[in-house]
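Enquirer: Pasting a structure below so you can have a look.
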Amino acid sequence: MKINKNLVLVGMMGAGKSVIGQLLARKLKFEHLDIDKIVENKTRMKISEIFKEKGENYFRNLEEKNTLKILKKNNCVISLGGGGFLNEIIRKEIQKSSISIWLNWDHKTLINRIRKSKKKRPIVLNLNDNKLKNLMVNRSKTYAKADYNIKCENTDKKELVKKIIKIYENL
Ligand code: S3P
C-alpha cells in the first residue's frame with residue numbers, strides 16, 4: 001500500500017471530529033483512530049472518570065503519550081480530543097508528519113451541541129455559556145495553526161467529507 005500522510009482532525013468539543021473521522025477513513029480506506037477512545041480502552045475508564053478520579057494532568061499525559069505513538073503510523077485518520085492540538089509537543093509532531101484539518105463551527109452551534117450531547121465533558125461542567133465562548137475564542141487561535149481551516153456551518157456531513165477528501169487528494 002502506498003504510504004500516505006495521516007489526516008488529523010482538530011477542533012472544539014462537538015465539532016464532529018469522531019463522526020467525520022470515521023466517514024473519512026471509510027472513504028479513504030484508512031484506519032480510523034480516535035484518541036479519546038484509545039485512552040478510554042487503555043484505562044478501562046471513561047474520560048469523565050479519569051478527570052474525576054485521577055485529575056486532568058493524568059489525562060493530558062495519557063493523551064500525549066498515546067497521540068505521539070499513533071502519529072508514528074501512516075495511512076490513518078486521527079480524531080484528536082478537543083485539547084490535543086493545544087499541547088505544543090503534539091501539535092509540533094502533527095505539523096511535521098501529518099495533514100491537519102480544523103473543523104471550524106460558529107460558537108453558538110458548538111455550545112448548543114455540547115449542551116445537548118450525552119457525552120460527558122468534564123471541561124465544560126463548570127462553565128456557563130459566556131465562559132465556554134471565551135474558551136472557544138482562545139482555543140481558536142491555536143486551532144487556526146492547522147494546515148486547513150474548514151468552515152463547517154451550513155454544510156452537511158457528506159459535503160464536509162467530500163471537501164476534506166478533495167483537499168487531501170489534491171495535495
Ligand atoms: C477535551 C475534549 C474531549 C476530551 C476531554 C477534553 C477538551 O474530547 O478529550 O474531555 O479539552 O476539549 P472531544 O473534543 O472529542 O469532546
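Ordered as shown in the C-alpha cells, chains take letters A, B, and onward, while each chain numbers its residues from 1 and ligands are numbered from 1 in the order shown.
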Identify, counting only C-alpha atoms and all ligand atoms, the protein, DNA and RNA residues located within 10 Å of ligand 1, and give them as a count of residues only.
Expert: 43
Enquirer: So that I can see what lies close to region 159-166 of chain A, please list as a PyMOL selection string the residues with an atom at most 10 Å from it, counting only C-alpha atoms and leaving out residues fewer than 6 positions away in the same chain.
Expert: chain A and resi 7+20-25+27-28+101+103+148+150-153
Enquirer: Rounded to one decimal, what separation in Å do you get between CA of Asn57 (chain A) and CA of Val77 (chain A)?
Expert: 25.6 Å
Enquirer: If you run DSSP on the backbone, which residues of chain A are strand (DSSP E), as a ChimeraX atom specification?
Expert: /A:6-10,31-34,76-79,98-104,148-151
Enquirer: For CA of Asn41 (chain A) and CA of Ser98 (chain A), quote the distance in Å rounded to one decimal.
Expert: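 So the answer is 24.1 Å.
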Enquirer: Out of region 72-109 of chain A, which residues get helix (DSSP H, G or I) from DSSP, as a ChimeraX atom specification?
Expert: /A:84-86,88-97,107-109
Enquirer: Grab the CA of Asn130 (chain A) to CA of Ile111 (chain A) distance for me, in Å with one decimal place.
Expert: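 Rounded to one decimal, the two atoms are 9.7 Å apart.
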Enquirer: Measuring atom to atom with only C-alpha atoms, identify which of A:Lys133, A:Ala146, A:Cys76, A:Asn104 is nearest to Arg26 (chain A).
Expert: A:Cys76
Enquirer: Of the candidates A:Lys131, A:Asn66, A:Tyr143, A:Asn4, which shows the shortest atom-to-atom distance to Lys29 (chain A), using only C-alpha atoms?
Expert: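 Of all the options, A:Asn4 lies closest to Lys29 (chain A).
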Enquirer: Taking only C-alpha atoms into account, name the residue in A:Trp105, A:Ile38, A:Arg115, A:Phe30 that is nearest to Met1 (chain A).
Expert: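 Checking each candidate against Met1 (chain A), we get A:Phe30 as the closest.
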